[in-house]
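*Asks:* See my_file.tsv below, with TSV, C-alpha atoms.
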chain	number	residue	atom	x	y	z
A	18	MET	CA	32.16	-81.12	-4.00
A	19	LYS	CA	28.66	-81.92	-5.20
A	20	LYS	CA	29.95	-84.98	-6.99
A	21	LEU	CA	31.63	-86.29	-3.83
A	22	PHE	CA	28.47	-85.70	-1.80
A	23	LEU	CA	26.32	-87.50	-4.38
A	24	ILE	CA	28.72	-90.45	-4.49
A	25	SER	CA	28.76	-90.72	-0.69
A	26	VAL	CA	24.94	-90.60	-0.51
A	27	LEU	CA	24.63	-93.31	-3.16
A	28	PHE	CA	27.25	-95.38	-1.34
A	29	CYS	CA	25.32	-95.11	1.95
A	30	ILE	CA	22.06	-96.06	0.25
A	31	GLY	CA	23.78	-99.04	-1.34
A	32	LEU	CA	24.92	-100.25	2.08
A	33	THR	CA	21.40	-100.41	3.48
A	34	SER	CA	19.96	-103.86	3.90
A	35	CYS	CA	16.61	-105.33	4.76
A	36	TYR	CA	17.05	-106.73	8.26
A	37	THR	CA	14.52	-109.44	9.17
A	38	SER	CA	14.05	-111.59	12.26
A	39	ARG	CA	11.24	-114.04	13.01
A	40	THR	CA	9.99	-115.27	16.35
A	41	TYR	CA	8.01	-118.52	16.25
A	42	VAL	CA	5.42	-118.79	19.02
A	43	GLY	CA	3.76	-122.12	19.82
A	44	ASP	CA	4.09	-125.12	17.49
A	45	VAL	CA	4.89	-123.23	14.29
A	46	LYS	CA	7.84	-124.75	12.45
A	47	PRO	CA	10.25	-122.66	10.37
A	48	GLY	CA	9.30	-122.95	6.71
A	49	ALA	CA	5.64	-123.73	7.46
A	50	PRO	CA	3.26	-121.79	5.19
A	51	THR	CA	1.85	-118.73	6.93
A	52	VAL	CA	-0.42	-115.83	6.04
A	53	LYS	CA	0.26	-112.25	7.12
A	54	VAL	CA	-2.59	-111.05	9.30
A	55	ASN	CA	-1.48	-107.48	9.97
A	56	ASP	CA	1.55	-105.26	10.31
A	57	GLU	CA	2.46	-102.19	12.31
A	58	THR	CA	5.28	-99.67	12.04
A	59	VAL	CA	7.13	-98.86	15.25
A	60	HIS	CA	9.17	-95.68	15.53
A	61	HIS	CA	12.54	-95.19	17.25
A	62	LEU	CA	15.22	-92.54	17.52
A	63	LEU	CA	19.01	-92.90	17.54
A	64	TYR	CA	19.35	-96.29	15.83
A	65	GLY	CA	16.53	-97.84	17.86
A	66	LEU	CA	17.69	-96.77	21.31
A	67	ILE	CA	14.80	-94.45	22.14
A	68	PRO	CA	11.20	-95.55	21.42
A	69	VAL	CA	8.85	-92.83	20.21
A	70	GLY	CA	5.12	-92.90	20.83
A	71	ASN	CA	3.20	-96.02	21.79
A	72	ASN	CA	5.50	-98.86	20.68
A	73	LYS	CA	3.92	-101.46	22.96
A	74	ILE	CA	2.14	-103.88	20.64
A	75	ASP	CA	-0.31	-106.39	22.08
A	76	ASP	CA	-0.28	-109.60	20.03
A	77	SER	CA	-3.90	-110.44	20.87
A	78	ASP	CA	-5.09	-107.30	19.05
A	79	TYR	CA	-3.84	-108.83	15.79
A	80	ILE	CA	-4.05	-112.59	16.17
A	81	GLY	CA	-6.91	-113.08	18.65
A	82	ASN	CA	-6.60	-116.10	20.97
A	83	ARG	CA	-4.40	-118.15	18.67
A	84	LYS	CA	-1.57	-120.04	20.35
A	85	ASN	CA	0.56	-120.53	17.19
A	86	TYR	CA	1.81	-117.53	15.26
A	87	VAL	CA	4.91	-115.81	13.91
A	88	VAL	CA	6.11	-112.30	14.74
A	89	LYS	CA	8.36	-110.83	12.05
A	90	ASN	CA	10.46	-107.73	12.76
A	91	GLN	CA	11.72	-106.19	9.56
A	92	GLN	CA	13.58	-103.14	8.40
A	93	THR	CA	12.30	-102.72	4.87
A	94	PHE	CA	14.16	-100.81	2.18
A	95	LEU	CA	12.02	-97.74	2.85
A	96	ASN	CA	12.70	-97.98	6.61
A	97	GLY	CA	16.43	-98.27	5.93
A	98	PHE	CA	16.31	-95.41	3.44
A	99	LEU	CA	14.62	-93.15	6.01
A	100	SER	CA	17.24	-94.16	8.56
A	101	VAL	CA	20.08	-93.30	6.17
A	102	ILE	CA	18.53	-89.99	5.11
A	103	THR	CA	18.15	-88.90	8.76
A	104	LEU	CA	21.62	-90.25	9.65
A	105	GLY	CA	20.13	-92.73	12.13
A	106	ILE	CA	18.17	-90.15	14.08
A	107	TYR	CA	14.82	-91.69	13.00
A	108	THR	CA	14.76	-95.48	12.67
A	109	PRO	CA	11.42	-97.14	11.87
A	110	MET	CA	10.81	-100.92	11.94
A	111	THR	CA	7.87	-102.94	10.64
A	112	VAL	CA	6.36	-105.64	12.87
A	113	SER	CA	4.19	-108.23	11.06
A	114	PHE	CA	2.02	-110.97	12.50
A	115	GLU	CA	1.60	-114.23	10.58
A	116	VAL	CA	-0.67	-117.18	11.28
A	117	PRO	CA	-0.23	-120.75	9.93
A	118	ILE	CA	-2.55	-121.52	7.03
A	119	ASP	CA	-4.09	-124.55	8.75
A	120	GLU	CA	-5.23	-122.36	11.67
A	121	LEU	CA	-6.88	-119.58	9.66
A	122	GLY	CA	-10.42	-120.63	10.56
A	123	GLN	CA	-9.74	-120.58	14.31
A	124	LYS	CA	-9.77	-117.50	16.53
Take the structure in the file and give it back as structure tokens.
*Replies:*
Amino acid sequence: MKKLFLISVLFCIGLTSCYTSRTYVGDVKPGAPTVKVNDETVHHLLYGLIPVGNNKIDDSDYIGNRKNYVVKNQQTFLNGFLSVITLGIYTPMTVSFEVPIDELGQK
């Protein structure tokens, strides 16, 4: 029985993936070199259906008054691992803010 449980846990961990989506705001082109400014972890319950805590993120807190930036939503391996361990009850995501290299000096 223990062997079957261990195999099923390893199988579930092997099926986790690192989900990533990017939203380009302004004149940023896909593939343009960017620099990560900051990231924040947002917390959800039941596979992302129920937000927990203060999940409202204001972009201007991280990027200032910039008009061109990238918002990257990502489920890292650790986020996916926590989701598998809790059977989808707790599902964290990481939100990162990136700014094009040529606009680093501007605020």
*Asks:* Please build the interface table for stretch 32-61 of chain A against stretch 100-123 of chain A with a cut-off of 9 Å, listing for each qualifying residue the nearest atom pair and the distance in Å to one decimal; count all atoms listed in the file, order rows by chain and increasing number, and write it as a tab-separated table.
*Replies:*
residue	atom	partner	partner_atom	distance
A:Thr33	CA	A:Val101	CA	7.7
A:Val45	CA	A:Pro117	CA	7.2
A:Ala49	CA	A:Pro117	CA	7.0
A:Pro50	CA	A:Pro117	CA	6.0
A:Thr51	CA	A:Pro117	CA	4.2
A:Val52	CA	A:Glu115	CA	5.2
A:Lys53	CA	A:Glu115	CA	4.2
A:Val54	CA	A:Glu115	CA	5.4
A:Asn55	CA	A:Phe114	CA	5.6
A:Asp56	CA	A:Ser113	CA	4.0
A:Glu57	CA	A:Val112	CA	5.2
A:Thr58	CA	A:Thr111	CA	4.4
A:Val59	CA	A:Met110	CA	5.4
A:His60	CA	A:Pro109	CA	4.5
A:His61	CA	A:Thr108	CA	5.1
*Asks:* Quick check, in Å to one decimal: how far apart do atom CA of A:Leu66 and atom CA of A:Tyr79 lie?
*Replies:*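 Calculated distance between atom CA of A:Leu66 and atom CA of A:Tyr79 is 25.3 Å.
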*Asks:* Any idea what's packed within 9 Å of A:Val42, counting all atoms listed in the file, ignoring anything in its chain fewer than 4 positions away? Could you give it as a compact mmCIF listing (two decimals) with C-alpha atoms, in the frame of the given file?
*Replies:*
# COMPACT_ATOMS: atom_id res chain seq x y z
CA LYS A 84 -1.57 -120.04 20.35
CA ASN A 85 0.56 -120.53 17.19
CA TYR A 86 1.81 -117.53 15.26
CA VAL A 87 4.91 -115.81 13.91
CA VAL A 88 6.11 -112.30 14.74
*Asks:* For atom CA of A:Asn90 and atom CA of A:Ser38, determine how far apart the two atoms are, in Å to one decimal place.
*Replies:*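 For atom CA of A:Asn90 relative to atom CA of A:Ser38, the distance reads 5.3 Å.
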*Asks:* Quick one: axis-aligned box around all listed atoms of stretch 82-101 of chain A, 6 Å on every side, centre and edge lengths in Å to one decimal, written as JSON.
*Replies:*
{"center_x": 6.7, "center_y": -106.8, "center_z": 11.6, "size_x": 38.7, "size_y": 39.4, "size_z": 30.8}
*Asks:* One decimal, Å: what's the distance from atom CA of A:Ile67 over to atom CA of A:Thr93, could you say?
*Replies:* 19.3 Å
